[in-house]
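Pasting model_28.csv here (CSV, N, CA and C atoms):
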```
chain,number,residue,atom,x,y,z
A,1,MET,N,12.1,-18.4,0.0
A,1,MET,CA,10.7,-18.1,-0.3
A,1,MET,C,10.5,-16.7,-0.9
A,2,ARG,N,9.7,-16.7,-1.9
A,2,ARG,CA,9.5,-15.4,-2.6
A,2,ARG,C,8.1,-14.9,-2.3
A,3,LEU,N,8.0,-13.6,-1.9
A,3,LEU,CA,6.7,-13.0,-1.6
A,3,LEU,C,6.5,-11.8,-2.6
A,4,LEU,N,5.3,-11.6,-3.0
A,4,LEU,CA,4.9,-10.5,-3.8
A,4,LEU,C,4.0,-9.6,-2.9
A,5,VAL,N,4.5,-8.3,-2.7
A,5,VAL,CA,3.8,-7.4,-1.9
A,5,VAL,C,3.1,-6.4,-2.9
A,6,VAL,N,1.8,-6.2,-2.7
A,6,VAL,CA,1.1,-5.3,-3.6
A,6,VAL,C,0.5,-4.2,-2.7
A,7,GLU,N,1.1,-3.0,-2.6
A,7,GLU,CA,0.8,-2.0,-1.7
A,7,GLU,C,1.1,-0.6,-2.4
A,8,ASP,N,0.0,0.2,-2.5
A,8,ASP,CA,0.2,1.5,-3.1
A,8,ASP,C,0.8,2.6,-2.3
A,9,GLU,N,0.8,2.4,-0.9
A,9,GLU,CA,1.5,3.4,-0.1
A,9,GLU,C,3.0,3.0,0.0
A,10,VAL,N,3.8,3.9,-0.6
A,10,VAL,CA,5.2,3.6,-0.7
A,10,VAL,C,5.9,3.3,0.7
A,11,VAL,N,5.6,4.1,1.7
A,11,VAL,CA,6.2,3.9,3.0
A,11,VAL,C,5.8,2.5,3.6
A,12,VAL,N,4.5,2.1,3.4
A,12,VAL,CA,4.1,0.8,3.9
A,12,VAL,C,4.8,-0.3,3.1
A,13,GLY,N,4.9,-0.1,1.8
A,13,GLY,CA,5.6,-1.1,1.0
A,13,GLY,C,7.0,-1.3,1.4
A,14,LEU,N,7.7,-0.2,1.7
A,14,LEU,CA,9.1,-0.3,2.1
A,14,LEU,C,9.2,-1.0,3.5
A,15,TYR,N,8.3,-0.6,4.4
A,15,TYR,CA,8.3,-1.3,5.7
A,15,TYR,C,8.1,-2.8,5.6
A,16,LEU,N,7.1,-3.2,4.8
A,16,LEU,CA,6.9,-4.6,4.6
A,16,LEU,C,8.1,-5.3,3.9
A,17,GLN,N,8.7,-4.7,3.0
A,17,GLN,CA,9.9,-5.2,2.3
A,17,GLN,C,11.0,-5.5,3.3
A,18,GLU,N,11.2,-4.5,4.2
A,18,GLU,CA,12.3,-4.6,5.2
A,18,GLU,C,12.0,-5.7,6.2
A,19,GLU,N,10.7,-5.7,6.7
A,19,GLU,CA,10.3,-6.7,7.7
A,19,GLU,C,10.5,-8.1,7.2
A,20,LEU,N,10.0,-8.3,6.0
A,20,LEU,CA,10.0,-9.6,5.4
A,20,LEU,C,11.4,-10.1,5.0
A,21,GLN,N,12.2,-9.1,4.5
A,21,GLN,CA,13.6,-9.5,4.2
A,21,GLN,C,14.3,-9.8,5.4
A,22,ASP,N,14.1,-9.1,6.5
A,22,ASP,CA,14.7,-9.4,7.8
A,22,ASP,C,14.3,-10.8,8.3
A,23,ALA,N,13.1,-11.3,7.9
A,23,ALA,CA,12.7,-12.6,8.3
A,23,ALA,C,13.2,-13.7,7.3
A,24,GLY,N,13.9,-13.3,6.3
A,24,GLY,CA,14.5,-14.3,5.4
A,24,GLY,C,13.8,-14.5,4.1
A,25,PHE,N,12.8,-13.6,3.7
A,25,PHE,CA,12.1,-13.8,2.5
A,25,PHE,C,12.8,-12.9,1.4
A,26,SER,N,12.6,-13.4,0.2
A,26,SER,CA,12.9,-12.6,-1.0
A,26,SER,C,11.6,-11.8,-1.3
A,27,VAL,N,11.7,-10.5,-1.5
A,27,VAL,CA,10.4,-9.7,-1.6
A,27,VAL,C,10.5,-8.9,-2.9
A,28,THR,N,9.3,-8.9,-3.6
A,28,THR,CA,9.1,-8.0,-4.7
A,28,THR,C,7.9,-7.1,-4.4
A,29,VAL,N,8.1,-5.8,-4.5
A,29,VAL,CA,7.0,-4.9,-4.2
A,29,VAL,C,6.5,-4.3,-5.5
A,30,ARG,N,5.1,-4.2,-5.6
A,30,ARG,CA,4.5,-3.6,-6.7
A,30,ARG,C,3.4,-2.6,-6.1
A,31,GLU,N,3.2,-1.5,-6.8
A,31,GLU,CA,2.3,-0.4,-6.2
A,31,GLU,C,0.9,-0.5,-6.8
A,32,ASP,N,0.7,-1.4,-7.7
A,32,ASP,CA,-0.7,-1.6,-8.3
A,32,ASP,C,-0.9,-3.0,-8.7
A,33,ALA,N,-2.2,-3.4,-8.8
A,33,ALA,CA,-2.6,-4.7,-9.1
A,33,ALA,C,-2.1,-5.1,-10.6
A,34,GLU,N,-2.2,-4.2,-11.5
A,34,GLU,CA,-1.8,-4.5,-12.9
A,34,GLU,C,-0.4,-5.0,-13.0
A,35,SER,N,0.5,-4.2,-12.4
A,35,SER,CA,1.9,-4.6,-12.5
A,35,SER,C,2.2,-5.9,-11.6
A,36,ALA,N,1.5,-6.1,-10.6
A,36,ALA,CA,1.6,-7.3,-9.7
A,36,ALA,C,1.1,-8.5,-10.5
A,37,LEU,N,0.0,-8.4,-11.2
A,37,LEU,CA,-0.5,-9.5,-12.1
A,37,LEU,C,0.5,-9.8,-13.1
A,38,GLY,N,1.1,-8.8,-13.7
A,38,GLY,CA,2.2,-9.0,-14.7
A,38,GLY,C,3.4,-9.7,-14.1
A,39,ALA,N,3.8,-9.4,-12.9
A,39,ALA,CA,4.9,-10.1,-12.2
A,39,ALA,C,4.5,-11.6,-12.0
A,40,LEU,N,3.3,-11.8,-11.7
A,40,LEU,CA,2.8,-13.2,-11.5
A,40,LEU,C,2.9,-14.0,-12.8
A,41,ARG,N,2.6,-13.3,-13.9
A,41,ARG,CA,2.5,-14.0,-15.2
A,41,ARG,C,3.9,-14.2,-15.8
A,42,GLU,N,4.9,-13.4,-15.4
A,42,GLU,CA,6.2,-13.5,-16.0
A,42,GLU,C,6.7,-14.9,-16.0
A,43,GLU,N,7.3,-15.3,-17.1
A,43,GLU,CA,8.0,-16.6,-17.2
A,43,GLU,C,9.3,-16.5,-16.5
A,44,THR,N,9.5,-17.0,-15.3
A,44,THR,CA,10.8,-17.0,-14.6
A,44,THR,C,11.0,-18.3,-14.0
A,45,ASP,N,12.3,-18.5,-13.6
A,45,ASP,CA,12.6,-19.8,-12.9
A,45,ASP,C,12.0,-19.9,-11.5
A,46,GLU,N,11.8,-18.7,-10.9
A,46,GLU,CA,11.3,-18.7,-9.6
A,46,GLU,C,9.8,-18.1,-9.6
A,47,THR,N,9.0,-18.8,-8.9
A,47,THR,CA,7.6,-18.3,-8.7
A,47,THR,C,7.4,-17.7,-7.3
A,48,PHE,N,6.3,-17.0,-7.2
A,48,PHE,CA,6.0,-16.4,-5.8
A,48,PHE,C,5.4,-17.5,-5.0
A,49,ASP,N,5.7,-17.5,-3.7
A,49,ASP,CA,5.1,-18.5,-2.8
A,49,ASP,C,3.9,-18.0,-2.1
A,50,ALA,N,3.7,-16.6,-2.1
A,50,ALA,CA,2.5,-16.0,-1.6
A,50,ALA,C,2.5,-14.5,-1.9
A,51,ALA,N,1.3,-13.9,-1.7
A,51,ALA,CA,1.2,-12.5,-1.9
A,51,ALA,C,0.6,-11.8,-0.7
A,52,ILE,N,1.0,-10.6,-0.4
A,52,ILE,CA,0.4,-9.7,0.6
A,52,ILE,C,-0.2,-8.6,-0.2
A,53,VAL,N,-1.5,-8.4,-0.1
A,53,VAL,CA,-2.2,-7.5,-1.0
A,53,VAL,C,-3.1,-6.5,-0.2
A,54,ASP,N,-2.9,-5.2,-0.5
A,54,ASP,CA,-3.8,-4.2,0.0
A,54,ASP,C,-5.1,-4.2,-0.7
A,55,VAL,N,-6.2,-4.2,0.0
A,55,VAL,CA,-7.5,-4.3,-0.7
A,55,VAL,C,-7.8,-3.0,-1.5
A,56,ALA,N,-7.5,-1.8,-0.9
A,56,ALA,CA,-7.8,-0.6,-1.6
A,56,ALA,C,-6.7,-0.1,-2.4
A,57,LEU,N,-6.5,-0.7,-3.6
A,57,LEU,CA,-5.5,-0.2,-4.6
A,57,LEU,C,-6.1,0.7,-5.6
A,58,PRO,N,-5.4,1.6,-6.2
A,58,PRO,CA,-5.9,2.4,-7.3
A,58,PRO,C,-6.1,1.5,-8.6
A,59,GLY,N,-7.1,1.9,-9.4
A,59,GLY,CA,-7.3,1.1,-10.6
A,59,GLY,C,-7.9,-0.2,-10.2
A,60,VAL,N,-7.3,-1.3,-10.6
A,60,VAL,CA,-7.8,-2.7,-10.3
A,60,VAL,C,-7.6,-2.9,-8.8
A,61,SER,N,-8.7,-3.2,-8.1
A,61,SER,CA,-8.7,-3.3,-6.6
A,61,SER,C,-7.9,-4.6,-6.2
A,62,GLY,N,-7.6,-4.7,-4.9
A,62,GLY,CA,-7.0,-5.9,-4.4
A,62,GLY,C,-8.0,-7.0,-4.4
A,63,LEU,N,-9.3,-6.8,-4.3
A,63,LEU,CA,-10.2,-7.9,-4.4
A,63,LEU,C,-10.3,-8.5,-5.8
A,64,GLU,N,-10.2,-7.6,-6.8
A,64,GLU,CA,-10.1,-8.1,-8.2
A,64,GLU,C,-8.8,-8.9,-8.4
A,65,PHE,N,-7.7,-8.4,-7.9
A,65,PHE,CA,-6.4,-9.1,-7.9
A,65,PHE,C,-6.6,-10.5,-7.4
A,66,VAL,N,-7.2,-10.6,-6.2
A,66,VAL,CA,-7.4,-12.0,-5.6
A,66,VAL,C,-8.3,-12.8,-6.5
A,67,ARG,N,-9.3,-12.3,-7.1
A,67,ARG,CA,-10.2,-13.0,-8.0
A,67,ARG,C,-9.4,-13.6,-9.2
A,68,GLN,N,-8.6,-12.8,-9.8
A,68,GLN,CA,-7.8,-13.2,-10.9
A,68,GLN,C,-6.7,-14.3,-10.5
A,69,CYS,N,-6.1,-14.1,-9.3
A,69,CYS,CA,-5.2,-15.1,-8.8
A,69,CYS,C,-5.9,-16.4,-8.6
A,70,ARG,N,-7.1,-16.4,-8.0
A,70,ARG,CA,-7.9,-17.6,-7.7
A,70,ARG,C,-8.2,-18.3,-9.0
A,71,GLN,N,-8.5,-17.6,-10.1
A,71,GLN,CA,-8.8,-18.2,-11.4
A,71,GLN,C,-7.5,-19.0,-11.9
A,72,ALA,N,-6.4,-18.4,-11.7
A,72,ALA,CA,-5.1,-19.0,-12.1
A,72,ALA,C,-4.7,-20.1,-11.2
A,73,ASP,N,-4.8,-19.9,-9.9
A,73,ASP,CA,-4.3,-20.9,-8.9
A,73,ASP,C,-5.1,-20.8,-7.6
A,74,PRO,N,-6.2,-21.6,-7.4
A,74,PRO,CA,-7.0,-21.5,-6.3
A,74,PRO,C,-6.3,-21.7,-4.9
A,75,ALA,N,-5.1,-22.3,-5.0
A,75,ALA,CA,-4.4,-22.6,-3.7
A,75,ALA,C,-3.3,-21.6,-3.4
A,76,PHE,N,-3.2,-20.5,-4.2
A,76,PHE,CA,-2.1,-19.5,-4.0
A,76,PHE,C,-2.4,-18.8,-2.7
A,77,PRO,N,-1.4,-18.8,-1.7
A,77,PRO,CA,-1.6,-18.1,-0.4
A,77,PRO,C,-1.6,-16.6,-0.6
A,78,ILE,N,-2.7,-16.0,0.0
A,78,ILE,CA,-2.8,-14.5,0.0
A,78,ILE,C,-3.2,-14.0,1.3
A,79,VAL,N,-2.5,-12.9,1.7
A,79,VAL,CA,-2.8,-12.2,2.9
A,79,VAL,C,-3.4,-10.8,2.4
A,80,LEU,N,-4.6,-10.5,2.8
A,80,LEU,CA,-5.3,-9.3,2.4
A,80,LEU,C,-5.1,-8.3,3.5
A,81,THR,N,-4.7,-7.1,3.2
A,81,THR,CA,-4.5,-6.1,4.3
A,81,THR,C,-5.5,-4.9,3.9
A,82,SER,N,-6.1,-4.3,5.0
A,82,SER,CA,-7.1,-3.3,4.7
A,82,SER,C,-7.4,-2.5,6.0
A,83,GLY,N,-7.9,-1.3,5.7
A,83,GLY,CA,-8.4,-0.5,6.8
A,83,GLY,C,-9.9,-0.6,6.9
A,84,LEU,N,-10.5,-1.4,6.0
A,84,LEU,CA,-11.9,-1.6,5.9
A,84,LEU,C,-12.4,-2.5,7.1
A,85,ASP,N,-13.7,-2.7,7.1
A,85,ASP,CA,-14.4,-3.4,8.1
A,85,ASP,C,-14.0,-4.9,8.0
A,86,GLU,N,-13.3,-5.3,9.1
A,86,GLU,CA,-12.8,-6.7,9.2
A,86,GLU,C,-13.9,-7.8,9.0
A,87,ASP,N,-15.0,-7.6,9.6
A,87,ASP,CA,-16.1,-8.6,9.6
A,87,ASP,C,-16.6,-8.7,8.1
A,88,LEU,N,-16.7,-7.6,7.4
A,88,LEU,CA,-17.1,-7.7,6.0
A,88,LEU,C,-16.1,-8.5,5.2
A,89,LEU,N,-14.8,-8.3,5.3
A,89,LEU,CA,-13.8,-9.0,4.6
A,89,LEU,C,-13.8,-10.5,5.0
A,90,LYS,N,-13.9,-10.7,6.3
A,90,LYS,CA,-13.9,-12.1,6.8
A,90,LYS,C,-15.1,-12.9,6.2
A,91,ALA,N,-16.2,-12.2,6.1
A,91,ALA,CA,-17.4,-12.9,5.6
A,91,ALA,C,-17.2,-13.2,4.1
A,92,GLN,N,-16.6,-12.3,3.4
A,92,GLN,CA,-16.3,-12.4,2.0
A,92,GLN,C,-15.3,-13.6,1.7
A,93,PHE,N,-14.4,-13.8,2.6
A,93,PHE,CA,-13.4,-14.8,2.4
A,93,PHE,C,-13.5,-16.0,3.3
A,94,ALA,N,-14.6,-16.1,3.9
A,94,ALA,CA,-14.8,-17.2,4.9
A,94,ALA,C,-14.6,-18.6,4.4
A,95,SER,N,-14.9,-18.8,3.1
A,95,SER,CA,-14.7,-20.2,2.6
A,95,SER,C,-13.3,-20.3,1.9
A,96,ASP,N,-12.5,-19.3,1.9
A,96,ASP,CA,-11.2,-19.4,1.3
A,96,ASP,C,-10.1,-19.7,2.3
A,97,ALA,N,-9.8,-21.0,2.3
A,97,ALA,CA,-8.8,-21.5,3.3
A,97,ALA,C,-7.4,-21.0,3.0
A,98,ARG,N,-7.1,-20.4,1.8
A,98,ARG,CA,-5.8,-20.0,1.5
A,98,ARG,C,-5.7,-18.5,1.5
A,99,ALA,N,-6.6,-17.8,2.3
A,99,ALA,CA,-6.5,-16.4,2.5
A,99,ALA,C,-6.6,-16.0,3.9
A,100,ARG,N,-5.9,-15.0,4.3
A,100,ARG,CA,-6.0,-14.4,5.7
A,100,ARG,C,-6.2,-12.9,5.5
A,101,ILE,N,-6.9,-12.3,6.6
A,101,ILE,CA,-7.2,-10.9,6.6
A,101,ILE,C,-6.4,-10.3,7.7
A,102,LEU,N,-5.7,-9.1,7.4
A,102,LEU,CA,-5.1,-8.3,8.4
A,102,LEU,C,-5.6,-6.9,8.3
A,103,ILE,N,-6.1,-6.4,9.4
A,103,ILE,CA,-6.6,-5.0,9.4
A,103,ILE,C,-5.5,-4.0,9.8
A,104,LYS,N,-5.3,-3.0,9.0
A,104,LYS,CA,-4.3,-1.9,9.3
A,104,LYS,C,-4.7,-1.1,10.5
A,105,PRO,N,-3.8,-0.6,11.3
A,105,PRO,CA,-2.4,-1.0,11.3
A,105,PRO,C,-2.1,-2.3,11.9
A,106,TYR,N,-1.1,-3.0,11.5
A,106,TYR,CA,-0.7,-4.3,12.1
A,106,TYR,C,0.8,-4.3,12.2
A,107,LEU,N,1.3,-5.2,13.0
A,107,LEU,CA,2.7,-5.4,13.3
A,107,LEU,C,3.2,-6.5,12.3
A,108,GLY,N,4.5,-6.4,12.0
A,108,GLY,CA,5.2,-7.4,11.2
A,108,GLY,C,5.0,-8.8,11.7
A,109,SER,N,5.0,-8.9,13.0
A,109,SER,CA,4.8,-10.2,13.6
A,109,SER,C,3.4,-10.8,13.3
A,110,ALA,N,2.4,-10.0,13.2
A,110,ALA,CA,1.1,-10.5,12.8
A,110,ALA,C,1.1,-10.9,11.4
A,111,LEU,N,1.8,-10.2,10.5
A,111,LEU,CA,1.9,-10.7,9.1
A,111,LEU,C,2.6,-12.0,9.0
A,112,LEU,N,3.7,-12.1,9.7
A,112,LEU,CA,4.4,-13.4,9.7
A,112,LEU,C,3.6,-14.5,10.3
A,113,ALA,N,2.8,-14.3,11.3
A,113,ALA,CA,1.9,-15.3,11.8
A,113,ALA,C,0.9,-15.8,10.8
A,114,CYS,N,0.3,-14.8,10.0
A,114,CYS,CA,-0.6,-15.2,8.9
A,114,CYS,C,0.1,-16.0,7.9
A,115,LEU,N,1.3,-15.7,7.5
A,115,LEU,CA,2.1,-16.5,6.5
A,115,LEU,C,2.4,-17.9,7.1
A,116,GLN,N,2.7,-17.9,8.4
A,116,GLN,CA,2.9,-19.3,9.0
A,116,GLN,C,1.6,-20.1,8.9
A,117,GLU,N,0.5,-19.5,9.2
A,117,GLU,CA,-0.8,-20.2,9.2
A,117,GLU,C,-1.1,-20.7,7.8
A,118,LEU,N,-0.6,-20.0,6.8
A,118,LEU,CA,-0.8,-20.4,5.4
A,118,LEU,C,0.2,-21.4,4.9
A,119,GLY,N,1.2,-21.7,5.8
A,119,GLY,CA,2.2,-22.7,5.4
A,119,GLY,C,3.4,-22.1,4.6
A,120,VAL,N,3.5,-20.7,4.6
A,120,VAL,CA,4.6,-20.0,4.0
A,120,VAL,C,5.5,-19.6,5.0
A,121,VAL,N,6.7,-20.3,5.1
A,121,VAL,CA,7.6,-20.0,6.1
A,121,VAL,C,9.0,-19.7,5.5
A,122,SER,N,9.8,-19.0,6.3
A,122,SER,CA,11.1,-18.6,5.9
A,122,SER,C,12.1,-19.7,6.4
A,123,ASN,N,13.0,-20.1,5.6
A,123,ASN,CA,14.1,-21.0,6.0
A,123,ASN,C,15.1,-20.4,6.9
A,124,LEU,N,15.2,-19.0,6.8
A,124,LEU,CA,16.3,-18.4,7.5
A,124,LEU,C,16.0,-18.0,8.9
A,125,ARG,N,14.8,-17.5,9.2
A,125,ARG,CA,14.4,-17.0,10.5
A,125,ARG,C,12.9,-17.0,10.7
A,126,PRO,N,12.4,-17.5,11.8
A,126,PRO,CA,11.0,-17.6,12.0
A,126,PRO,C,10.3,-16.3,12.1
A,127,GLY,N,11.0,-15.2,12.3
A,127,GLY,CA,10.4,-13.9,12.4
A,127,GLY,C,10.6,-13.2,13.7
A,128,PRO,N,10.2,-11.9,13.8
A,128,PRO,CA,10.4,-11.2,15.1
A,128,PRO,C,9.5,-11.6,16.2
```
For this file, produce the structure as structure tokens.
Amino acid sequence: MRLLVVEDEVVVGLYLQEELQDAGFSVTVREDAESALGALREETDETFDAAIVDVALPGVSGLEFVRQCRQADPAFPIVLTSGLDEDLLKAQFASDARARILIKPYLGSALLACLQELGVVSNLRPGP
């Protein structure tokens, strides 16, 4: 399973990459929405199974990233991470069955639980 992580904080991106790889995922990390959208559009043999996206990205926001993803594929699983108001985000995505919200800071196990809820699972290990 391939995951796209969109996180501008390098340390957080490395943490997510390590946690997700330990759980058996193949992980690509991008630090901004523009390069992440480019990675999604690349013609490759393998596509991404889900994305983990920070809401507060420089330039194009994580919310705009989600909007563009939804235009291309309404069923693409996305986990949004943020330090913002959880209720505000949940209200904004209440009707989106293919999105989950995680408020920072969070544990890798909480992220894996969100991926499991979305039907994105690792064949190698269920997670910590």
**Study point:** Those in stretch 2-125 of chain A with strand (DSSP E) from DSSP, as a list in words
**Key:** Arg2, Leu3, Leu4, Val5, Val6, Ser26, Val27, Thr28, Val29, Arg30, Ala50, Ala51, Ile52, Val53, Asp54, Ile78, Val79, Leu80, Thr81, Ser82, Ala99, Arg100, Ile101, Leu102 and Ile103 of chain A
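A straight line drawn from atom CA of A:Leu14 to atom CA of A:Leu57 is 16.1 Å long.
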**Study point:** Contact residues around stretch 60-76 of chain A with all atoms listed in the file at 6 Å, ignoring same-chain residues under 6 positions, as a VMD selection string
**Key:** chain A and resid 33 to 34 50 53 to 54 98
Just N, CA and C atoms for this one: save the residues we selected as a PDB file, keeping the file's coordinate frame.
```
ATOM      1  N   ALA A  33      -2.200  -3.400  -8.800  1.00  0.00           N
ATOM      2  CA  ALA A  33      -2.600  -4.700  -9.100  1.00  0.00           C
ATOM      3  C   ALA A  33      -2.100  -5.100 -10.600  1.00  0.00           C
ATOM      4  N   GLU A  34      -2.200  -4.200 -11.500  1.00  0.00           N
ATOM      5  CA  GLU A  34      -1.800  -4.500 -12.900  1.00  0.00           C
ATOM      6  C   GLU A  34      -0.400  -5.000 -13.000  1.00  0.00           C
ATOM      7  N   ALA A  50       3.700 -16.600  -2.100  1.00  0.00           N
ATOM      8  CA  ALA A  50       2.500 -16.000  -1.600  1.00  0.00           C
ATOM      9  C   ALA A  50       2.500 -14.500  -1.900  1.00  0.00           C
ATOM     10  N   VAL A  53      -1.500  -8.400  -0.100  1.00  0.00           N
ATOM     11  CA  VAL A  53      -2.200  -7.500  -1.000  1.00  0.00           C
ATOM     12  C   VAL A  53      -3.100  -6.500  -0.200  1.00  0.00           C
ATOM     13  N   ASP A  54      -2.900  -5.200  -0.500  1.00  0.00           N
ATOM     14  CA  ASP A  54      -3.800  -4.200   0.000  1.00  0.00           C
ATOM     15  C   ASP A  54      -5.100  -4.200  -0.700  1.00  0.00           C
ATOM     16  N   ARG A  98      -7.100 -20.400   1.800  1.00  0.00           N
ATOM     17  CA  ARG A  98      -5.800 -20.000   1.500  1.00  0.00           C
ATOM     18  C   ARG A  98      -5.700 -18.500   1.500  1.00  0.00           C
TER      19      ARG A  98
END
```
Review point. What is the atom CA of A:Phe93 to atom CA of A:Asp22 distance in Å?
Key: 29.1 Å
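Taking atom N of A:Met1 and atom C of A:Phe25 as the two end points, the separation is 5.7 Å.
Counting only N, CA and C atoms, the residue from A:Ala94, A:Val121, A:Asp32, A:Glu19 that sits nearest to A:Gly108 is A:Glu19.
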If the box runs along x, y and z of the file and leaves 5 Å on each side of stretch 62-72 of chain A, what are its centre and edge lengths in Å, one decimal, as JSON?
```
{"center_x": -7.5, "center_y": -12.4, "center_z": -8.2, "size_x": 15.6, "size_y": 25.4, "size_z": 17.8}
```
**Study point:** Contacts of A:Thr81 within 10 Å, only C-alpha atoms, excl. fewer than 3 positions in-chain, as a list in words
**Key:** Val6, Glu7, Ile52, Val53, Asp54, Val55, Ala56, Gly62, Ile78, Leu84, Glu86, Leu89, Arg100, Ile101, Leu102, Ile103, Lys104, Pro105, Tyr106 and Leu111 of chain A
Review point. Per DSSP on the backbone, what are the helix (DSSP H, G or I) residues of chain A, as a ChimeraX atom specification?
Key: /A:10-22,33-41,62-72,86-92,108-117
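With only N, CA and C atoms as the basis for measurement, A:Leu3 is the residue among A:Ala23, A:Ser109, A:Glu9, A:Leu3 that approaches A:Phe48 most closely.
For the residues A:Pro77, A:Gly59, A:Gly24, A:Gly13, ranking by smallest atom-to-atom distance to A:Leu118 using only C-alpha atoms places A:Pro77 first.
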Review point. Can you tell me, as a ChimeraX atom specification, which residues sit within 7 Å of (9.7, -7.2, -1.0) in the file's frame, using all atoms listed in the file?
Key: /A:3-5,13,16-18,20-21,25-29
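Closest to A:Glu117 among A:Leu37, A:Val11, A:Ala97, A:Ala51 is A:Ala97, based on only N, CA and C atoms.
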Could you model all heavy atoms for stretch 72-78 of chain A and present them as a PDB file, in the frame of the given file?
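Result went into rebuild34.pdb, see below:
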```pdb
ATOM      1  N   ALA A  72      -6.400 -18.400 -11.700  1.00  0.00           N
ATOM      2  CA  ALA A  72      -5.100 -19.000 -12.100  1.00  0.00           C
ATOM      3  C   ALA A  72      -4.700 -20.100 -11.200  1.00  0.00           C
ATOM      4  O   ALA A  72      -4.153 -21.176 -11.667  1.00  0.00           O
ATOM      5  CB  ALA A  72      -4.019 -17.972 -12.278  1.00  0.00           C
ATOM      6  N   ASP A  73      -4.800 -19.900  -9.900  1.00  0.00           N
ATOM      7  CA  ASP A  73      -4.300 -20.900  -8.900  1.00  0.00           C
ATOM      8  C   ASP A  73      -5.100 -20.800  -7.600  1.00  0.00           C
ATOM      9  O   ASP A  73      -4.845 -19.947  -6.783  1.00  0.00           O
ATOM     10  CB  ASP A  73      -2.835 -20.695  -8.619  1.00  0.00           C
ATOM     11  CG  ASP A  73      -2.265 -21.686  -7.629  1.00  0.00           C
ATOM     12  OD1 ASP A  73      -3.008 -22.558  -7.113  1.00  0.00           O
ATOM     13  OD2 ASP A  73      -1.052 -21.589  -7.341  1.00  0.00           O
ATOM     14  N   PRO A  74      -6.200 -21.600  -7.400  1.00  0.00           N
ATOM     15  CA  PRO A  74      -7.000 -21.500  -6.300  1.00  0.00           C
ATOM     16  C   PRO A  74      -6.300 -21.700  -4.900  1.00  0.00           C
ATOM     17  O   PRO A  74      -6.807 -21.321  -3.901  1.00  0.00           O
ATOM     18  CB  PRO A  74      -8.049 -22.657  -6.490  1.00  0.00           C
ATOM     19  CG  PRO A  74      -8.008 -22.946  -7.945  1.00  0.00           C
ATOM     20  CD  PRO A  74      -6.602 -22.645  -8.393  1.00  0.00           C
ATOM     21  N   ALA A  75      -5.100 -22.300  -5.000  1.00  0.00           N
ATOM     22  CA  ALA A  75      -4.400 -22.600  -3.700  1.00  0.00           C
ATOM     23  C   ALA A  75      -3.300 -21.600  -3.400  1.00  0.00           C
ATOM     24  O   ALA A  75      -2.630 -21.726  -2.374  1.00  0.00           O
ATOM     25  CB  ALA A  75      -3.790 -24.004  -3.781  1.00  0.00           C
ATOM     26  N   PHE A  76      -3.200 -20.500  -4.200  1.00  0.00           N
ATOM     27  CA  PHE A  76      -2.100 -19.500  -4.000  1.00  0.00           C
ATOM     28  C   PHE A  76      -2.400 -18.800  -2.700  1.00  0.00           C
ATOM     29  O   PHE A  76      -3.446 -18.197  -2.488  1.00  0.00           O
ATOM     30  CB  PHE A  76      -2.072 -18.574  -5.151  1.00  0.00           C
ATOM     31  CG  PHE A  76      -0.966 -17.566  -5.082  1.00  0.00           C
ATOM     32  CD1 PHE A  76       0.370 -17.969  -5.121  1.00  0.00           C
ATOM     33  CD2 PHE A  76      -1.245 -16.216  -4.998  1.00  0.00           C
ATOM     34  CE1 PHE A  76       1.399 -17.038  -5.075  1.00  0.00           C
ATOM     35  CE2 PHE A  76      -0.225 -15.280  -4.951  1.00  0.00           C
ATOM     36  CZ  PHE A  76       1.095 -15.688  -4.990  1.00  0.00           C
ATOM     37  N   PRO A  77      -1.400 -18.800  -1.700  1.00  0.00           N
ATOM     38  CA  PRO A  77      -1.600 -18.100  -0.400  1.00  0.00           C
ATOM     39  C   PRO A  77      -1.600 -16.600  -0.600  1.00  0.00           C
ATOM     40  O   PRO A  77      -0.739 -16.049  -1.184  1.00  0.00           O
ATOM     41  CB  PRO A  77      -0.436 -18.595   0.414  1.00  0.00           C
ATOM     42  CG  PRO A  77       0.117 -19.786  -0.284  1.00  0.00           C
ATOM     43  CD  PRO A  77      -0.193 -19.584  -1.737  1.00  0.00           C
ATOM     44  N   ILE A  78      -2.700 -16.000   0.000  1.00  0.00           N
ATOM     45  CA  ILE A  78      -2.800 -14.500   0.000  1.00  0.00           C
ATOM     46  C   ILE A  78      -3.200 -14.000   1.300  1.00  0.00           C
ATOM     47  O   ILE A  78      -4.059 -14.500   1.982  1.00  0.00           O
ATOM     48  CB  ILE A  78      -3.864 -14.128  -1.068  1.00  0.00           C
ATOM     49  CG1 ILE A  78      -3.471 -14.605  -2.474  1.00  0.00           C
ATOM     50  CG2 ILE A  78      -4.090 -12.623  -1.050  1.00  0.00           C
ATOM     51  CD1 ILE A  78      -4.542 -14.384  -3.525  1.00  0.00           C
TER      52      ILE A  78
END
```
